[in-house]
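Visitor: Okay, so here is entry-v5.cif, and as you'll see once you scroll down, it has mmCIF, C-alpha atoms and all ligand atoms.
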data_structure
#
loop_
_atom_site.label_atom_id
_atom_site.label_comp_id
_atom_site.auth_asym_id
_atom_site.auth_seq_id
_atom_site.Cartn_x
_atom_site.Cartn_y
_atom_site.Cartn_z
CA MET A 359 -243.79 29.48 8.52
CA LYS A 360 -243.27 25.71 8.13
CA VAL A 361 -239.57 24.85 7.68
CA LEU A 362 -238.01 21.51 6.69
CA VAL A 363 -234.42 21.01 7.89
CA LEU A 364 -232.38 18.34 6.11
CA GLY A 365 -229.48 17.02 8.20
CA ALA A 366 -231.39 17.94 11.36
CA THR A 367 -229.31 15.65 13.60
CA GLY A 368 -225.90 17.10 12.69
CA LEU A 369 -223.74 19.70 14.40
CA LEU A 370 -225.46 22.58 12.59
CA GLY A 371 -228.87 21.01 11.93
CA THR A 372 -229.50 20.41 15.64
CA GLU A 373 -228.88 24.08 16.42
CA VAL A 374 -230.91 25.27 13.43
CA MET A 375 -233.88 23.21 14.66
CA ALA A 376 -233.54 24.79 18.12
CA ALA A 377 -233.21 28.32 16.68
CA LEU A 378 -236.31 27.87 14.48
CA LYS A 379 -238.37 26.67 17.43
CA GLU A 380 -237.08 29.51 19.60
CA ARG A 381 -238.37 31.94 16.97
CA GLY A 382 -241.79 30.27 17.03
CA LEU A 383 -241.47 28.70 13.55
CA ARG A 384 -242.72 25.19 12.81
CA ALA A 385 -239.59 23.08 12.29
CA TYR A 386 -239.57 19.58 10.74
CA GLY A 387 -236.25 17.75 10.93
CA ALA A 388 -235.09 14.98 8.57
CA ALA A 389 -232.04 12.71 8.41
CA ARG A 390 -231.36 9.04 7.69
CA SER A 391 -231.95 8.24 11.37
CA GLY A 392 -232.63 9.95 14.69
CA ALA A 393 -234.88 12.73 13.32
CA ASP A 394 -238.68 12.98 13.18
CA LEU A 395 -238.63 12.40 9.42
CA LYS A 396 -236.50 9.77 7.74
CA VAL A 397 -234.88 10.45 4.37
CA ASP A 398 -231.75 9.52 2.48
CA VAL A 399 -231.08 12.58 0.33
CA THR A 400 -229.09 10.47 -2.15
CA ASN A 401 -232.44 8.95 -3.14
CA GLN A 402 -233.82 11.81 -5.23
CA MET A 403 -237.30 10.29 -5.51
CA ALA A 404 -237.47 9.87 -1.73
CA LEU A 405 -236.35 13.48 -1.27
CA PHE A 406 -238.97 14.69 -3.75
CA ARG A 407 -241.67 12.67 -2.00
CA LEU A 408 -240.64 14.16 1.37
CA LEU A 409 -240.88 17.68 -0.08
CA CYS A 410 -244.39 16.95 -1.34
CA ARG A 411 -245.46 15.34 1.94
CA VAL A 412 -244.19 18.10 4.24
CA ASP A 413 -245.27 20.91 1.90
CA ALA A 414 -243.02 23.36 3.72
CA ASP A 415 -242.67 27.08 3.05
CA ALA A 416 -238.89 26.76 3.32
CA VAL A 417 -236.13 24.14 3.27
CA ILE A 418 -232.74 24.52 4.96
CA ASN A 419 -230.26 21.96 3.63
CA CYS A 420 -227.68 21.10 6.33
CA ALA A 421 -227.26 17.48 5.14
CA ALA A 422 -223.74 16.70 3.99
CA ASN A 423 -220.77 14.41 4.12
CA VAL A 424 -218.15 16.69 5.74
CA ASN A 425 -215.48 13.98 5.97
CA LEU A 426 -212.83 15.07 3.45
CA GLY A 427 -211.16 11.63 3.33
CA SER A 428 -214.42 9.83 2.65
CA CYS A 429 -215.39 12.36 -0.07
CA GLU A 430 -211.99 11.90 -1.72
CA ALA A 431 -212.28 8.10 -1.60
CA ASP A 432 -215.55 8.13 -3.56
CA ILE A 433 -216.35 11.45 -5.23
CA GLU A 434 -219.48 10.08 -6.91
CA ALA A 435 -220.92 9.01 -3.56
CA ALA A 436 -219.93 12.40 -2.11
CA TYR A 437 -221.69 14.16 -5.00
CA ARG A 438 -224.88 12.20 -4.32
CA VAL A 439 -224.94 13.63 -0.76
CA ASN A 440 -223.30 17.05 -1.11
CA GLY A 441 -224.16 18.01 -4.67
CA ALA A 442 -227.18 16.45 -6.37
CA PRO A 443 -229.83 17.08 -3.66
CA ALA A 444 -229.41 20.84 -4.22
CA GLY A 445 -230.70 20.28 -7.79
CA VAL A 446 -233.89 18.69 -6.46
CA LEU A 447 -234.31 21.44 -3.87
CA ALA A 448 -233.74 24.17 -6.46
CA ALA A 449 -236.37 22.60 -8.73
CA TRP A 450 -238.78 22.43 -5.76
CA SER A 451 -238.08 26.08 -4.95
CA ARG A 452 -238.67 27.19 -8.54
CA GLN A 453 -241.94 25.27 -8.81
CA THR A 454 -243.38 26.31 -5.45
CA GLU A 455 -241.54 29.62 -4.89
CA GLY A 456 -240.54 28.06 -1.56
CA ARG A 457 -237.55 29.52 0.24
CA PHE A 458 -234.38 27.40 -0.11
CA LEU A 459 -231.29 27.87 2.05
CA GLN A 460 -228.27 25.83 0.97
CA ILE A 461 -225.55 25.56 3.61
CA SER A 462 -222.15 25.66 1.98
CA THR A 463 -218.55 25.90 3.04
CA ASP A 464 -215.55 28.23 3.12
CA HIS A 465 -213.35 25.45 1.73
CA PHE A 466 -212.77 27.23 -1.58
CA PHE A 467 -209.70 29.45 -1.19
CA THR A 468 -206.01 28.69 -1.45
CA GLY A 469 -202.95 30.61 -0.34
CA ASP A 470 -201.00 30.98 2.87
CA LEU A 471 -202.41 34.23 4.23
CA PRO A 472 -205.34 35.12 6.51
CA LEU A 473 -207.19 36.96 3.73
CA PRO A 474 -210.92 37.86 3.87
CA HIS A 475 -212.64 36.39 0.78
CA ASP A 476 -215.84 38.12 -0.20
CA GLU A 477 -218.73 36.61 -2.17
CA HIS A 478 -217.05 37.51 -5.49
CA ALA A 479 -213.65 35.95 -4.72
CA MET A 480 -212.33 33.38 -7.21
CA VAL A 481 -212.73 29.83 -5.90
CA SER A 482 -210.22 26.95 -6.15
CA LEU A 483 -211.60 23.42 -5.98
CA VAL A 484 -208.74 21.48 -4.43
CA ASN A 485 -210.51 18.32 -3.27
CA ALA A 486 -213.66 16.25 -3.78
CA TYR A 487 -215.46 17.90 -0.86
CA ALA A 488 -214.94 21.35 -2.41
CA VAL A 489 -216.00 20.13 -5.87
CA THR A 490 -219.24 18.59 -4.59
CA LYS A 491 -220.12 21.57 -2.34
CA PHE A 492 -219.48 24.01 -5.18
CA ALA A 493 -221.67 21.93 -7.51
CA ALA A 494 -224.47 22.31 -4.96
CA GLU A 495 -223.95 26.09 -4.84
CA SER A 496 -224.23 26.31 -8.62
CA MET A 497 -227.54 24.42 -8.61
CA ALA A 498 -228.97 26.25 -5.60
CA ARG A 499 -228.30 29.62 -7.19
CA LYS A 500 -230.54 28.69 -10.16
CA ALA A 501 -233.55 29.11 -7.86
CA GLU A 502 -234.57 32.76 -7.50
CA ASN A 503 -235.76 32.36 -3.92
CA SER A 504 -232.60 30.63 -2.72
CA LEU A 505 -229.79 31.79 -0.48
CA THR A 506 -226.47 29.96 -0.35
CA ILE A 507 -224.65 30.46 2.93
CA ARG A 508 -220.89 29.90 3.13
CA THR A 509 -219.77 29.27 6.67
CA ASN A 510 -217.32 27.60 9.05
CA ILE A 511 -218.58 26.32 12.40
CA CYS A 512 -217.40 24.90 15.69
CA GLY A 513 -219.34 23.48 18.60
CA ALA A 514 -218.75 21.53 21.80
CA LYS A 515 -220.78 18.50 20.70
CA LYS A 516 -218.51 17.16 17.95
CA GLY A 517 -215.75 17.90 15.47
CA PHE A 518 -212.91 20.38 15.81
CA GLY A 519 -214.44 22.21 18.81
CA ARG A 520 -214.93 19.01 20.81
CA TRP A 521 -211.42 17.81 19.95
CA ALA A 522 -209.87 21.14 21.00
CA LEU A 523 -211.74 21.25 24.33
CA ASP A 524 -210.81 17.64 25.17
CA CYS A 525 -207.15 18.00 24.21
CA LEU A 526 -206.68 21.23 26.16
CA ARG A 527 -208.47 19.95 29.25
CA GLY A 528 -206.59 16.62 29.16
CA HIS A 529 -203.21 18.21 28.32
CA LYS A 530 -203.05 15.85 25.32
CA PRO A 531 -200.42 16.28 22.57
CA MET A 532 -201.51 18.87 19.98
CA ASN A 533 -199.65 19.70 16.77
CA LEU A 534 -201.42 22.83 15.55
CA PHE A 535 -201.65 24.22 12.03
CA ALA A 536 -200.14 27.69 11.89
CA ASP A 537 -200.91 28.14 8.15
CA TYR A 538 -204.57 27.01 8.00
CA PHE A 539 -206.84 30.04 8.30
CA THR A 540 -210.60 30.13 8.93
CA SER A 541 -213.26 32.49 10.30
CA THR A 542 -214.79 29.84 12.54
CA MET A 543 -218.08 30.83 14.17
CA HIS A 544 -219.85 29.18 17.08
CA VAL A 545 -222.59 26.91 15.73
CA GLY A 546 -225.26 28.45 18.00
CA ASP A 547 -224.55 31.96 16.67
CA CYS A 548 -224.49 30.58 13.13
CA ALA A 549 -227.88 28.87 13.53
CA ALA A 550 -229.49 32.00 14.98
CA ALA A 551 -228.18 34.09 12.08
CA ILE A 552 -229.36 31.47 9.54
CA VAL A 553 -232.90 31.85 10.89
CA GLU A 554 -232.62 35.65 10.59
CA LEU A 555 -231.45 35.23 6.98
CA LEU A 556 -234.28 32.76 6.32
CA VAL A 557 -236.93 35.36 7.16
CA SER A 558 -235.05 38.13 5.34
CA GLU A 559 -235.51 38.92 1.65
CA GLU A 560 -231.85 38.09 0.93
CA THR A 561 -231.11 35.80 -2.02
CA GLY A 562 -227.96 34.71 -3.86
CA LEU A 563 -224.75 34.07 -1.94
CA ILE A 564 -223.64 35.28 1.50
CA ASN A 565 -220.73 34.62 3.86
CA LEU A 566 -221.72 33.93 7.47
CA ALA A 567 -218.79 33.53 9.88
CA SER A 568 -216.74 35.20 12.58
CA ARG A 569 -215.55 38.69 11.73
CA ASP A 570 -212.01 37.57 12.72
CA ILE A 571 -209.76 35.27 10.72
CA SER A 572 -207.41 33.08 12.73
CA SER A 573 -205.07 30.18 12.14
CA LYS A 574 -206.09 26.90 13.76
CA SER A 575 -203.16 27.46 16.10
CA ASP A 576 -204.29 30.97 17.10
CA PHE A 577 -207.83 29.67 17.63
CA ILE A 578 -206.64 26.97 20.06
CA ARG A 579 -204.46 29.47 21.91
CA ALA A 580 -207.43 31.85 22.28
CA LEU A 581 -209.54 28.94 23.50
CA ALA A 582 -206.84 27.94 26.00
CA ALA A 583 -206.73 31.52 27.34
CA GLU A 584 -210.52 31.48 27.79
CA MET A 585 -210.17 28.17 29.70
CA ASN A 586 -207.34 29.59 31.84
CA ILE A 587 -204.98 26.94 30.50
CA ASP A 588 -201.36 27.62 29.60
CA PRO A 589 -200.90 25.67 26.32
CA SER A 590 -197.11 25.55 26.74
CA TRP A 591 -196.94 21.90 25.61
CA VAL A 592 -198.54 22.39 22.16
CA THR A 593 -196.41 22.38 19.02
CA GLU A 594 -196.98 23.90 15.58
CA THR A 595 -196.85 22.39 12.13
CA THR A 596 -197.95 23.02 8.55
CA ALA A 597 -201.19 21.83 6.96
CA ARG A 598 -199.59 21.91 3.50
CA ASP A 599 -198.73 18.19 3.56
CA LEU A 600 -202.18 16.92 4.53
CA THR A 601 -204.02 14.41 2.36
CA PRO A 602 -206.44 15.03 0.89
CA ILE A 603 -205.05 18.44 0.06
CA ARG A 604 -206.77 21.30 1.94
CA ALA A 605 -207.78 24.80 0.93
CA LEU A 606 -205.80 26.70 3.56
CA SER A 607 -206.81 30.35 3.21
CA CYS A 608 -210.48 30.03 4.14
CA GLY A 609 -211.05 33.42 5.75
CA LEU A 610 -214.41 34.98 4.86
CA ASP A 611 -215.28 38.65 4.49
CA VAL A 612 -218.55 39.00 6.41
CA SER A 613 -219.33 42.65 5.70
CA LYS A 614 -222.32 41.78 3.51
CA ALA A 615 -223.87 39.60 6.26
CA GLU A 616 -223.22 42.32 8.85
CA THR A 617 -225.07 44.82 6.66
CA VAL A 618 -228.01 42.46 6.04
CA LEU A 619 -228.25 41.44 9.71
CA GLY A 620 -227.67 45.00 10.93
CA ARG A 621 -225.11 43.96 13.54
CA LYS A 622 -221.51 42.86 13.96
CA LEU A 623 -220.84 39.14 13.72
CA PRO A 624 -218.95 37.46 16.61
CA SER A 625 -215.23 38.00 17.07
CA LEU A 626 -212.71 35.22 17.78
CA GLN A 627 -213.02 36.10 21.46
CA ASP A 628 -216.83 35.81 21.34
CA THR A 629 -216.51 32.46 19.56
CA VAL A 630 -214.19 30.79 22.06
CA ARG A 631 -216.30 32.20 24.92
CA SER A 632 -219.44 30.61 23.39
CA LEU A 633 -217.60 27.31 22.92
CA VAL A 634 -216.50 27.21 26.57
CA HIS A 635 -219.99 28.25 27.70
CA GLU A 636 -221.61 25.49 25.60
CA ASP A 637 -219.13 22.95 26.97
CA ALA A 638 -219.94 23.96 30.55
CA GLN A 639 -223.64 23.48 29.82
CA CYS A 640 -222.99 19.99 28.31
CA VAL A 641 -220.98 19.03 31.39
CA THR A 642 -223.66 20.42 33.72
CA THR A 643 -226.37 18.47 31.89
CA THR A 644 -224.34 15.25 32.02
CA ASN A 645 -223.51 15.75 35.70
CA SER A 646 -227.07 16.46 36.68
CA LYS A 647 -228.25 13.37 34.72
CA SER A 648 -225.65 11.21 36.51
CA ALA A 649 -226.69 12.70 39.84
CA THR A 650 -230.34 11.87 39.10
CA ALA A 651 -229.39 8.31 38.09
CA LEU A 652 -227.33 7.85 41.27
CA SER A 653 -230.05 9.14 43.55
CA ALA A 654 -232.80 7.08 41.82
N1 LIG B 1 -218.53 21.11 10.44
C1 LIG B 1 -217.82 22.08 9.89
O1 LIG B 1 -216.74 22.43 10.36
C2 LIG B 1 -218.33 22.80 8.66
C3 LIG B 1 -217.53 23.81 8.12
C4 LIG B 1 -217.99 24.50 7.00
C5 LIG B 1 -219.23 24.18 6.44
N2 LIG B 1 -219.97 23.18 6.97
C6 LIG B 1 -221.26 22.86 6.33
O2 LIG B 1 -222.28 22.89 7.31
C7 LIG B 1 -223.31 21.94 6.98
C8 LIG B 1 -223.60 21.07 8.19
O3 LIG B 1 -222.41 20.36 8.56
P1 LIG B 1 -222.33 19.61 9.96
O4 LIG B 1 -220.98 19.85 10.51
O5 LIG B 1 -223.54 19.91 10.77
O6 LIG B 1 -222.38 18.09 9.46
P2 LIG B 1 -222.69 16.79 10.36
O7 LIG B 1 -222.60 17.09 11.80
O8 LIG B 1 -221.83 15.71 9.80
O9 LIG B 1 -224.21 16.49 10.03
C9 LIG B 1 -224.60 16.03 8.76
C10 LIG B 1 -226.10 15.79 8.77
O10 LIG B 1 -226.45 15.32 7.48
C11 LIG B 1 -227.17 14.10 7.62
N3 LIG B 1 -226.90 13.27 6.46
C12 LIG B 1 -225.71 12.81 6.02
N4 LIG B 1 -225.88 12.05 4.94
C13 LIG B 1 -227.21 12.04 4.68
C14 LIG B 1 -228.03 11.42 3.70
N5 LIG B 1 -227.52 10.63 2.74
N6 LIG B 1 -229.36 11.63 3.74
C15 LIG B 1 -229.91 12.40 4.70
N7 LIG B 1 -229.20 13.02 5.65
C16 LIG B 1 -227.87 12.83 5.65
C17 LIG B 1 -226.64 13.49 8.94
O11 LIG B 1 -227.54 12.58 9.53
P3 LIG B 1 -227.53 11.00 9.17
O12 LIG B 1 -226.08 10.61 8.97
O13 LIG B 1 -228.19 10.33 10.33
O14 LIG B 1 -228.35 10.87 7.95
C18 LIG B 1 -226.54 14.74 9.77
O15 LIG B 1 -227.81 15.08 10.28
C19 LIG B 1 -222.79 21.19 5.75
O16 LIG B 1 -223.35 21.76 4.61
C20 LIG B 1 -221.30 21.44 5.75
O17 LIG B 1 -220.76 21.37 4.45
C21 LIG B 1 -219.56 22.48 8.07
#
Please express the file's structure as structure tokens.

Guide:
Amino acid sequence: MKVLVLGATGLLGTEVMAALKERGLRAYGAARSGADLKVDVTNQMALFRLLCRVDADAVINCAANVNLGSCEADIEAAYRVNGAPAGVLAAWSRQTEGRFLQISTDHFFTGDLPLPHDEHAMVSLVNAYAVTKFAAESMARKAENSLTIRTNICGAKKGFGRWALDCLRGHKPMNLFADYFTSTMHVGDCAAAIVELLVSEETGLINLASRDISSKSDFIRALAAEMNIDPSWVTETTARDLTPIRALSCGLDVSKAETVLGRKLPSLQDTVRSLVHEDAQCVTTTNSKSATALSA
């Protein structure tokens, strides 16, 4: 199977590329820079031309603008990245019967409780990011051979996972959200499961995340325990006053994905263990590169 990955240089796209290759599938990565194929997905003609040129059996769309502030500042620009390309990909899928996986978000649920939202839960679109991601879902689901995957990820290379590891290790000030709930999953586990879902017959909408819901604060405390760090210096706060406004009850019910995959999805404990393990591997790689440079 020949698979085109859009957003192949990002936190998730990098791991999806690796997972596809590990499974022996032919993976072609695209982004605006740094990938084998160059594309700006906001240019619909360029995206269409890329689809024709690669002639893939499947497309996994990981390209996005995940910066909530930047989406809020210019919702039309955010829509051109997060929303509109899904329309082109859905049209491609309908014409060619190609498989189309749209990566979506959990950022759709409000409230102040760690509730598990299943695939039928009512969504609330509280900011531009949510609006543009939901627009993409609506377009993706028009293609019969598409699967929209709602997720929440962390990894040691960038974003929340990197920040948490650095702050804990450096004993830096941390003011943690006690009322912002997610089912964050390690990006490596997420990518492996995405490839399993790609080769499955599953279509429609599916939640893919940790089977545990935790507040950002609980997540950091679990991570600290895994790192053998006593996080006695951290403080807690509310995420209710953030701008742009956040959806705060983002827990996902993953029972459908567990049935389709035929296994349990990772727990909170599994997730922080994977994050620490990935971080140790990054450090080892960097150290061994420095050692090589020094000895050369
Ligand atoms: N990170 C999270 O915590 C999180 C949580 C829930 C859901 N998600 C979803 O997971 C998916 C992947 O997110 P991520 O964290 O991997 O994002 P990321 O690290 O910011 O990566 C985004 C990717 O998209 C590419 N991209 C951005 N604008 C583009 C454009 N105009 N044309 C072509 N490529 C473009 C980027 O490369 P270039 O900039 O070089 O083009 C990069 O490869 C997204 O659908 C996101 O909504 C993420």

Visitor: Report as JSON lines: every residue of chain A with an atom at most 8 Å from ligand LIG 1 (chain B), its closest pair of atoms, and their distance in Å to one decimal, counting all atoms listed in the file, with rows sorted by chain and ascending residue number.

Guide:
{"residue": "A:Leu364", "atom": "CA", "partner": "B:LIG1", "partner_atom": "N7", "distance": 6.2}
{"residue": "A:Gly365", "atom": "CA", "partner": "B:LIG1", "partner_atom": "O15", "distance": 3.3}
{"residue": "A:Ala366", "atom": "CA", "partner": "B:LIG1", "partner_atom": "O15", "distance": 4.7}
{"residue": "A:Thr367", "atom": "CA", "partner": "B:LIG1", "partner_atom": "O15", "distance": 3.7}
{"residue": "A:Gly368", "atom": "CA", "partner": "B:LIG1", "partner_atom": "O9", "distance": 3.2}
{"residue": "A:Leu369", "atom": "CA", "partner": "B:LIG1", "partner_atom": "O5", "distance": 3.6}
{"residue": "A:Leu370", "atom": "CA", "partner": "B:LIG1", "partner_atom": "O5", "distance": 3.8}
{"residue": "A:Gly371", "atom": "CA", "partner": "B:LIG1", "partner_atom": "O5", "distance": 5.6}
{"residue": "A:Thr372", "atom": "CA", "partner": "B:LIG1", "partner_atom": "O5", "distance": 7.7}
{"residue": "A:Ala388", "atom": "CA", "partner": "B:LIG1", "partner_atom": "N7", "distance": 6.9}
{"residue": "A:Ala389", "atom": "CA", "partner": "B:LIG1", "partner_atom": "N7", "distance": 4.0}
{"residue": "A:Arg390", "atom": "CA", "partner": "B:LIG1", "partner_atom": "O14", "distance": 3.5}
{"residue": "A:Ser391", "atom": "CA", "partner": "B:LIG1", "partner_atom": "O13", "distance": 4.4}
{"residue": "A:Gly392", "atom": "CA", "partner": "B:LIG1", "partner_atom": "O13", "distance": 6.2}
{"residue": "A:Ala393", "atom": "CA", "partner": "B:LIG1", "partner_atom": "O13", "distance": 7.7}
{"residue": "A:Lys396", "atom": "CA", "partner": "B:LIG1", "partner_atom": "C15", "distance": 7.7}
{"residue": "A:Val397", "atom": "CA", "partner": "B:LIG1", "partner_atom": "C15", "distance": 5.3}
{"residue": "A:Asp398", "atom": "CA", "partner": "B:LIG1", "partner_atom": "N6", "distance": 3.4}
{"residue": "A:Val399", "atom": "CA", "partner": "B:LIG1", "partner_atom": "N6", "distance": 3.9}
{"residue": "A:Thr400", "atom": "CA", "partner": "B:LIG1", "partner_atom": "N5", "distance": 5.1}
{"residue": "A:Asn401", "atom": "CA", "partner": "B:LIG1", "partner_atom": "N5", "distance": 7.8}
{"residue": "A:Asn419", "atom": "CA", "partner": "B:LIG1", "partner_atom": "O16", "distance": 7.0}
{"residue": "A:Cys420", "atom": "CA", "partner": "B:LIG1", "partner_atom": "C8", "distance": 4.5}
{"residue": "A:Ala421", "atom": "CA", "partner": "B:LIG1", "partner_atom": "O10", "distance": 3.3}
{"residue": "A:Ala422", "atom": "CA", "partner": "B:LIG1", "partner_atom": "O10", "distance": 4.6}
{"residue": "A:Asn423", "atom": "CA", "partner": "B:LIG1", "partner_atom": "C12", "distance": 5.5}
{"residue": "A:Val424", "atom": "CA", "partner": "B:LIG1", "partner_atom": "O17", "distance": 5.5}
{"residue": "A:Asn425", "atom": "CA", "partner": "B:LIG1", "partner_atom": "O8", "distance": 7.6}
{"residue": "A:Arg438", "atom": "CA", "partner": "B:LIG1", "partner_atom": "N5", "distance": 7.7}
{"residue": "A:Val439", "atom": "CA", "partner": "B:LIG1", "partner_atom": "N5", "distance": 5.3}
{"residue": "A:Asn440", "atom": "CA", "partner": "B:LIG1", "partner_atom": "O16", "distance": 7.4}
{"residue": "A:Gln460", "atom": "CA", "partner": "B:LIG1", "partner_atom": "O16", "distance": 7.3}
{"residue": "A:Ile461", "atom": "CA", "partner": "B:LIG1", "partner_atom": "O16", "distance": 4.5}
{"residue": "A:Ser462", "atom": "CA", "partner": "B:LIG1", "partner_atom": "O16", "distance": 4.9}
{"residue": "A:Thr463", "atom": "CA", "partner": "B:LIG1", "partner_atom": "C5", "distance": 3.9}
{"residue": "A:Asp464", "atom": "CA", "partner": "B:LIG1", "partner_atom": "C4", "distance": 5.9}
{"residue": "A:His465", "atom": "CA", "partner": "B:LIG1", "partner_atom": "C4", "distance": 7.1}
{"residue": "A:Lys491", "atom": "CA", "partner": "B:LIG1", "partner_atom": "O17", "distance": 6.8}
{"residue": "A:Arg508", "atom": "CA", "partner": "B:LIG1", "partner_atom": "C5", "distance": 6.8}
{"residue": "A:Thr509", "atom": "CA", "partner": "B:LIG1", "partner_atom": "C4", "distance": 5.1}
{"residue": "A:Asn510", "atom": "CA", "partner": "B:LIG1", "partner_atom": "C4", "distance": 3.8}
{"residue": "A:Ile511", "atom": "CA", "partner": "B:LIG1", "partner_atom": "O1", "distance": 4.8}
{"residue": "A:Cys512", "atom": "CA", "partner": "B:LIG1", "partner_atom": "O1", "distance": 5.9}
{"residue": "A:Lys516", "atom": "CA", "partner": "B:LIG1", "partner_atom": "O7", "distance": 7.4}
{"residue": "A:Gly517", "atom": "CA", "partner": "B:LIG1", "partner_atom": "N1", "distance": 6.6}
{"residue": "A:Phe518", "atom": "CA", "partner": "B:LIG1", "partner_atom": "O1", "distance": 7.0}
{"residue": "A:Thr542", "atom": "CA", "partner": "B:LIG1", "partner_atom": "C3", "distance": 8.0}

Visitor: Quick one: distance from atom CA of Ile564 of chain A to atom CA of Val618 of chain A in Å, one decimal?

Guide: 9.6 Å

Visitor: Counting all atoms listed in the file, which residue out of A:Phe492, A:Tyr538, A:Ala550, A:Gly528 sits closest to Lys379 of chain A?

Guide: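 Of the candidates, the smallest distance to Lys379 of chain A is held by A:Ala550.
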
Visitor: For Arg527 of chain A, work out the shell of residues within 9 Å, counting all atoms listed in the file and skipping chain neighbours fewer than 2 positions away, then give it as a ChimeraX atom specification.

Guide: /A:522-525,529-530,582,585,587

Visitor: Provide the atom CA of Met497 of chain A to atom CA of Gln402 of chain A distance in Å, to one decimal place.

Guide: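 Going from atom CA of Met497 of chain A over to atom CA of Gln402 of chain A covers 14.5 Å.
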
Visitor: Determine, counting only C-alpha atoms, which protein, DNA and RNA residues have an atom within 6 Å of an atom of Val363 of chain A; residues of the same chain fewer than 4 positions away are not included. Present the result as JSON, numbers by chain.

Guide: {"A": [387, 417, 418]}

Visitor: Around (-215.5, 32.1, 27.3) in the file's frame, which residues reach within 12 Å when counting all atoms listed in the file? Return as an MDAnalysis selection string?

Guide: chainID A and resid 523 544 580:586 625:638

Visitor: Go ahead and compute the interatomic distance for atom CA of Ser428 of chain A and atom CA of Ser541 of chain A, in Å to one decimal.

Guide: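 One can read the atom CA of Ser428 of chain A to atom CA of Ser541 of chain A distance as 23.9 Å.
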
Visitor: So, with all atoms listed in the file as the atoms that count, which of A:Ala404, A:Ala435, A:Ser504, A:Val374 lies closest to Cys548 of chain A?

Guide: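 Smallest separation from Cys548 of chain A among the options: A:Val374.
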
Visitor: When you look at Thr490 of chain A with a cut-off of 8 Å (counting all atoms listed in the file), what residues show up, excluding the ones that are within fewer than 3 positions of it in the same chain? I need them as a list in words.

Guide: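 So the residues in contact are Ile433, Ala436, Tyr437, Asn440, Gly441, Ala486, Tyr487, Ala493 and Ala494 of chain A.
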
Visitor: Let's have the selection written as a PDB file, in the coordinates of the input, with C-alpha atoms.

Guide:
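Heads up, here's the output in again.pdb:
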ATOM      1  CA  ILE A 433    -216.350  11.450  -5.230  1.00  0.00           C
ATOM      2  CA  ALA A 436    -219.930  12.400  -2.110  1.00  0.00           C
ATOM      3  CA  TYR A 437    -221.690  14.160  -5.000  1.00  0.00           C
ATOM      4  CA  ASN A 440    -223.300  17.050  -1.110  1.00  0.00           C
ATOM      5  CA  GLY A 441    -224.160  18.010  -4.670  1.00  0.00           C
ATOM      6  CA  ALA A 486    -213.660  16.250  -3.780  1.00  0.00           C
ATOM      7  CA  TYR A 487    -215.460  17.900  -0.860  1.00  0.00           C
ATOM      8  CA  ALA A 493    -221.670  21.930  -7.510  1.00  0.00           C
ATOM      9  CA  ALA A 494    -224.470  22.310  -4.960  1.00  0.00           C
TER      10      ALA A 494
END

Visitor: Could you please give me, as a VMD selection string, the residues of protein, DNA or RNA lying at most 12 Å from (-230.6, 39.4, -0.8) in the coordinate frame of the file, considering all atoms listed in the file?

Guide: chain A and resid 459 499 502 to 507 555 to 565 614 to 615 617 to 619

Visitor: Pick from A:Glu455, A:Asp570, A:Glu495, A:Asp476: nearest to Lys622 of chain A, with all atoms listed in the file counted?

Guide: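 Using all atoms listed in the file, the shortest distance to Lys622 of chain A belongs to A:Asp570.
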
Visitor: So, counting all atoms listed in the file, which residue among A:Asp576, A:Asp394, A:Glu554, A:Glu477 is closest to Leu378 of chain A?

Guide: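 Among the listed residues, the smallest separation from Leu378 of chain A belongs to A:Glu554.
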
Visitor: I'd like to know which of A:Arg457, A:Arg569, A:Arg381, A:His478 is closest to Ala416 of chain A, using only C-alpha atoms.

Guide: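 The answer is A:Arg457, which sits nearest to Ala416 of chain A.
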
Visitor: Considering only C-alpha atoms, state which residue in the set A:Trp450, A:Phe467, A:Phe458, A:Phe535 is at the smallest distance from Glu594 of chain A.

Guide: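 Checking each of A:Trp450, A:Phe467, A:Phe458, A:Phe535 against Glu594 of chain A, counting only C-alpha atoms, the winner is A:Phe535.
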
Visitor: Quick one: residues within 10 Å of Thr593 of chain A, only C-alpha atoms, excluding same-chain residues fewer than 6 positions away - as number ranges by chain?

Guide: A: 531-536, 575

Visitor: Given 4 Å of margin on each side, can you work out the centre and size in Å (one decimal) of an axis-aligned box holding every listed atom of segment 548-551 of chain A, as lines of an AutoDock Vina configuration file?

Guide:
center_x = -227.0
center_y = 31.5
center_z = 13.5
size_x = 13.0
size_y = 13.2
size_z = 10.9
